[in-house]
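First the structure, in the form of structure tokens, and then the observations on it.
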Amino acid sequence: MAAVLAALYSVVALSPLIVVAAIWLKGDMTLMHETGTSTAFAAYGIIALQPVLVARWKWIERPFGLDVVSRFHKYMGVFAVALLLTHPPLMAFGGQGVALLTTFNQPWYVLLGKALLVLLLLHVCLSVFGQTLGLTFEKWRCFHNVAAIVILGGVFVHSLAAGYDLGPIPLRVLWLALLGLTAFAYVHHKILVPRGLRQRPYEVVGIEQETPNVWTVKLAAPAGEKIYDYHPGQFHFLTFHRSGDLPVEEHHWTISSSPATRDFISSTIKESGDFTATIGKTRVGDTADVQGPFGRFCYTLYPEDRDFVFIAGGIGITPLMGMIRHMRDTKSEAPVLLLYANRTSKDIAFKSELAEIESGSWPRLKVVHVLSSPEAGWTGESGRLDGDRLTLMVSGKGEEAAYYICAPPPMTKAAVAGLRSMGVPYARMRTEQFSL
Ligand SMILES: Cc1cc2nc3c(=O)[nH]c(=O)nc-3n(C[C@H](O)[C@H](O)[C@H](O)COP(=O)(O)OP(=O)(O)OC[C@H]3O[C@@H](n4cnc5c(N)ncnc54)[C@H](O)[C@@H]3O)c2cc1C
């Protein structure tokens, strides 16, 4: 399926070039000029598919995982801008004259093209560097959504007005079809789906404090509906609607409950920023729009995995907890070694439940807590769970085990490097990152 989708993406993204090649009418333009129009055609195909990639359509997400699709969306945005940056100079030096680049005394559609290129550059720069520049996620998302519409509409108008190459009917039809596809993806994702979710919200039926700054929120399905099906370790998007002036924002969180539990679904959330700082103020009876499930960080999707090493850093325990709970509920006898790093023992979420599962029979769980700043009297492992320590701890496991890692980026990087140094192939490692 992944290969079919990749092929489909290539065909649609390149369709402007394919149609041009098929109906090629020999013109009197230079090769450089033709290359200039081709880069714009290719960029139009890529830009038109950008909203489709992030529309969260299950058939696109499922084979790759939303994180992979989101990263691909980002890289293709950068690639489209790179293509479009070559467009004006190729057109100018290919016959239209250097004045195209140096003066503003140009037809309106050329000026529109220049403005769009600046907006597109800003769009990509803020997507790549926004966080480093201190832009909040919500402000970035707002700009991203509005700029996307302006860019898509503007590129369409510019190409129709400037593009004598768009004379042939098949090209005009294709141009419109791509615009229609992109508009449908955008409206579906941004308006229709959220409206549908708002009409049948889940209800908060429990809120439990796990550690001083970690909370589990339990949600029940709307009356008359069942909790949707999901794999253990997947995530969903939640938009809470709470009393008072608490913020209403959509965020992604792992489902920490087990799919075997049918009366509620839960997420376990750490206070780590301005929105999550309010999570403890959520109350029973509040509601949430729920969209999911997404992701491929789930042992049930890899039936070949039989022997597990789970490596968790802090709140990265949530998908692994979902899987351990599911193994317990389904009476799986799989061996699981959980290496769980935290700062202090107070930061360990699910401590007593993990101990309970460890003392039971399903799965055959062994938990090793590693604390970086242990309190006096701690007799367990202490220090950083870095590559060297990890290799020592899993030395008996080797290549046969499957390694599931969910931790902050530096810890994940160290863990992967440590496992690679032991000869564990990438194919035996599965990672989840808490950023898309
Ligand atoms: C697949 C996945 C699963 C996750 N599971 C969990 C979990 O189980 N428990 C948990 O505590 N955290 C989880 N997270 C992280 C969680 O989404 C962020 O910590 C949370 O969104 C931060 O919000 P904030 O406004 O409080 O923090 P801020 O400090 O404002 O933001 C921190 C960072 O979080 C991201 N972010 C902020 N707002 C949003 C938003 N509205 N949508 C998307 N990303 C945003 C941005 O990268 C931002 O830079 C998960 C993330 C991903 C991608």
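For the structure tokens, the naming scheme is as follows: chains receive sequential letters (A, B, ...) according to their order of presentation, residues are indexed from 1 within each chain, and ligands are indexed from 1 in presentation order.
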
Handout entry: Contact residues around stretch 28-41 of chain A with only C-alpha atoms at 12 Å, ignoring same-chain residues under 4 positions, as a ChimeraX atom specification
Key = /A:12-21,24,45-48,79-97,113,117,155-156,158-160,162-166,171,174-175,178

For the selection you just gave me, I'd like the residues written to a file as a CSV table (one decimal), in the first residue's frame, keeping N, CA and C atoms.
```csv
chain,number,residue,atom,x,y,z
A,12,VAL,N,0.5,12.3,-9.4
A,12,VAL,CA,-0.3,13.5,-9.3
A,12,VAL,C,0.5,14.8,-9.2
A,13,ALA,N,1.6,14.7,-8.4
A,13,ALA,CA,2.5,15.9,-8.2
A,13,ALA,C,3.1,16.2,-9.6
A,14,LEU,N,3.5,15.2,-10.4
A,14,LEU,CA,4.1,15.5,-11.6
A,14,LEU,C,3.1,15.6,-12.8
A,15,SER,N,1.8,15.5,-12.5
A,15,SER,CA,0.8,15.5,-13.6
A,15,SER,C,0.9,16.7,-14.5
A,16,PRO,N,1.2,18.0,-14.0
A,16,PRO,CA,1.3,19.1,-14.9
A,16,PRO,C,2.4,18.8,-15.9
A,17,LEU,N,3.6,18.3,-15.5
A,17,LEU,CA,4.7,18.0,-16.4
A,17,LEU,C,4.3,16.9,-17.4
A,18,ILE,N,3.6,15.9,-16.8
A,18,ILE,CA,3.2,14.7,-17.7
A,18,ILE,C,2.3,15.2,-18.8
A,19,VAL,N,1.3,16.0,-18.4
A,19,VAL,CA,0.3,16.5,-19.4
A,19,VAL,C,1.0,17.4,-20.5
A,20,VAL,N,1.9,18.3,-20.0
A,20,VAL,CA,2.7,19.1,-20.9
A,20,VAL,C,3.5,18.3,-21.9
A,21,ALA,N,4.1,17.2,-21.4
A,21,ALA,CA,4.9,16.4,-22.3
A,21,ALA,C,4.0,15.7,-23.3
A,24,TRP,N,2.7,18.2,-26.0
A,24,TRP,CA,3.8,19.1,-26.3
A,24,TRP,C,3.6,19.8,-27.6
A,45,GLY,N,2.1,21.3,-8.8
A,45,GLY,CA,1.6,20.0,-8.5
A,45,GLY,C,1.9,19.7,-7.0
A,46,ILE,N,3.1,20.0,-6.6
A,46,ILE,CA,3.5,19.7,-5.2
A,46,ILE,C,2.7,20.6,-4.2
A,47,ILE,N,2.6,21.9,-4.5
A,47,ILE,CA,1.9,22.7,-3.6
A,47,ILE,C,0.4,22.3,-3.5
A,48,ALA,N,-0.2,21.9,-4.6
A,48,ALA,CA,-1.6,21.5,-4.6
A,48,ALA,C,-1.8,20.3,-3.7
A,79,PHE,N,11.1,21.9,-0.8
A,79,PHE,CA,11.4,21.6,-2.2
A,79,PHE,C,10.7,22.5,-3.2
A,80,ALA,N,9.4,22.7,-2.9
A,80,ALA,CA,8.6,23.5,-3.9
A,80,ALA,C,9.1,24.9,-3.9
A,81,VAL,N,9.5,25.4,-2.7
A,81,VAL,CA,10.1,26.8,-2.7
A,81,VAL,C,11.4,26.8,-3.5
A,82,ALA,N,12.2,25.8,-3.3
A,82,ALA,CA,13.5,25.8,-4.0
A,82,ALA,C,13.2,25.8,-5.5
A,83,LEU,N,12.2,25.0,-6.0
A,83,LEU,CA,11.9,25.0,-7.4
A,83,LEU,C,11.4,26.4,-7.9
A,84,LEU,N,10.6,27.0,-7.0
A,84,LEU,CA,10.0,28.3,-7.4
A,84,LEU,C,11.0,29.4,-7.4
A,85,LEU,N,12.1,29.3,-6.6
A,85,LEU,CA,13.1,30.3,-6.6
A,85,LEU,C,13.9,30.3,-7.9
A,86,THR,N,13.9,29.1,-8.6
A,86,THR,CA,14.6,29.1,-9.9
A,86,THR,C,13.7,29.6,-11.0
A,87,HIS,N,12.4,29.7,-10.7
A,87,HIS,CA,11.5,30.1,-11.8
A,87,HIS,C,11.7,31.5,-12.4
A,88,PRO,N,11.8,32.6,-11.5
A,88,PRO,CA,12.0,33.9,-12.1
A,88,PRO,C,13.3,34.1,-12.9
A,89,PRO,N,14.5,33.6,-12.3
A,89,PRO,CA,15.7,33.8,-13.1
A,89,PRO,C,15.7,33.1,-14.4
A,90,LEU,N,15.2,31.8,-14.4
A,90,LEU,CA,15.1,31.1,-15.6
A,90,LEU,C,14.3,31.7,-16.7
A,91,MET,N,13.1,32.3,-16.2
A,91,MET,CA,12.3,33.0,-17.2
A,91,MET,C,13.0,34.3,-17.7
A,92,ALA,N,13.7,35.0,-16.8
A,92,ALA,CA,14.3,36.3,-17.1
A,92,ALA,C,15.4,36.0,-18.1
A,93,PHE,N,16.3,35.1,-17.7
A,93,PHE,CA,17.5,34.8,-18.6
A,93,PHE,C,17.1,34.0,-19.8
A,94,GLY,N,15.9,33.4,-19.8
A,94,GLY,CA,15.5,32.5,-20.9
A,94,GLY,C,14.8,33.3,-22.0
A,95,GLY,N,14.7,34.7,-21.8
A,95,GLY,CA,14.1,35.4,-22.9
A,95,GLY,C,13.2,36.6,-22.5
A,96,GLN,N,12.8,36.6,-21.2
A,96,GLN,CA,11.9,37.7,-20.8
A,96,GLN,C,12.6,38.9,-20.4
A,97,GLY,N,13.9,38.8,-20.2
A,97,GLY,CA,14.6,40.0,-19.9
A,97,GLY,C,14.9,40.2,-18.4
A,113,GLY,N,3.1,37.3,-8.5
A,113,GLY,CA,4.1,36.2,-8.4
A,113,GLY,C,5.2,36.5,-7.5
A,117,LEU,N,6.0,34.6,-3.9
A,117,LEU,CA,7.3,34.0,-3.6
A,117,LEU,C,7.8,34.4,-2.2
A,155,VAL,N,-1.2,31.4,-6.5
A,155,VAL,CA,-0.5,30.7,-7.5
A,155,VAL,C,-1.4,30.3,-8.7
A,156,PHE,N,-2.6,29.9,-8.3
A,156,PHE,CA,-3.5,29.6,-9.4
A,156,PHE,C,-3.8,30.8,-10.3
A,158,HIS,N,-2.0,33.6,-10.6
A,158,HIS,CA,-0.8,34.0,-11.3
A,158,HIS,C,-0.5,33.1,-12.6
A,159,SER,N,-0.7,31.8,-12.4
A,159,SER,CA,-0.3,30.9,-13.5
A,159,SER,C,-1.3,31.0,-14.6
A,160,LEU,N,-2.6,31.2,-14.3
A,160,LEU,CA,-3.6,31.4,-15.4
A,160,LEU,C,-3.4,32.7,-16.1
A,162,ALA,N,-0.5,34.6,-16.2
A,162,ALA,CA,0.8,34.7,-16.9
A,162,ALA,C,1.0,33.6,-17.9
A,163,GLY,N,0.3,32.5,-17.7
A,163,GLY,CA,0.7,31.3,-18.4
A,163,GLY,C,0.1,31.1,-19.7
A,164,TYR,N,0.7,31.7,-20.8
A,164,TYR,CA,0.2,31.4,-22.1
A,164,TYR,C,0.4,29.9,-22.4
A,165,ASP,N,1.3,29.2,-21.5
A,165,ASP,CA,1.5,27.8,-21.7
A,165,ASP,C,0.3,27.0,-21.2
A,166,LEU,N,-0.6,27.7,-20.5
A,166,LEU,CA,-1.8,27.0,-20.0
A,166,LEU,C,-3.0,27.1,-21.0
A,171,LEU,N,-4.6,21.1,-20.0
A,171,LEU,CA,-3.8,21.7,-18.9
A,171,LEU,C,-4.7,22.6,-18.0
A,174,LEU,N,-6.7,20.3,-15.9
A,174,LEU,CA,-5.8,19.7,-14.8
A,174,LEU,C,-5.6,20.8,-13.7
A,175,TRP,N,-5.4,22.0,-14.1
A,175,TRP,CA,-5.1,23.1,-13.1
A,175,TRP,C,-6.3,23.3,-12.2
A,178,LEU,N,-6.7,20.2,-9.8
A,178,LEU,CA,-5.7,20.2,-8.7
A,178,LEU,C,-6.2,21.2,-7.7
```

Handout entry: Selection: 10 Å around A:Lys397, only C-alpha atoms, excl. self and same-chain fewer than 5 positions, as a ChimeraX atom specification
Key = /A:307-309,337,391,402-403,424

Write out, as a short mmCIF file (atom, residue, chain, number, x, y, z; two decimals), in the first residue's frame, the residues just selected, with C-alpha atoms.
```cif
data_model
loop_
_atom_site.label_atom_id
_atom_site.label_comp_id
_atom_site.auth_asym_id
_atom_site.auth_seq_id
_atom_site.Cartn_x
_atom_site.Cartn_y
_atom_site.Cartn_z
CA ASP A 307 10.49 -10.21 22.84
CA PHE A 308 10.36 -6.55 23.86
CA VAL A 309 12.62 -3.90 25.29
CA LEU A 337 11.99 -5.31 29.80
CA THR A 391 23.92 -1.44 26.17
CA ALA A 402 12.23 -5.45 19.35
CA TYR A 403 13.20 -2.09 20.84
CA VAL A 424 20.86 -4.06 16.53
#
```

Problem - Selection as an NGL selection string: residues within 7 Å of ligand 1 by only C-alpha atoms and all ligand atoms - result: :A and (131 or 136-138 or 235 or 249-256 or 267-277 or 315-316 or 318-319 or 432-436)

Practice task
Return as a VMD selection string the full set of residues in stretch 130-315 of chain A whose backbone-based DSSP assignment is helix (DSSP H, G or I).
Solution key: chain A and resid 137 to 162 164 to 166 169 to 199 276 to 281 299 to 301 314 to 315

Problem - Long-range neighbours of A:Pro374 as number ranges by chain, 7 Å cut-off, only C-alpha atoms, 6 positions minimum in chain - result: A: 343-345, 382
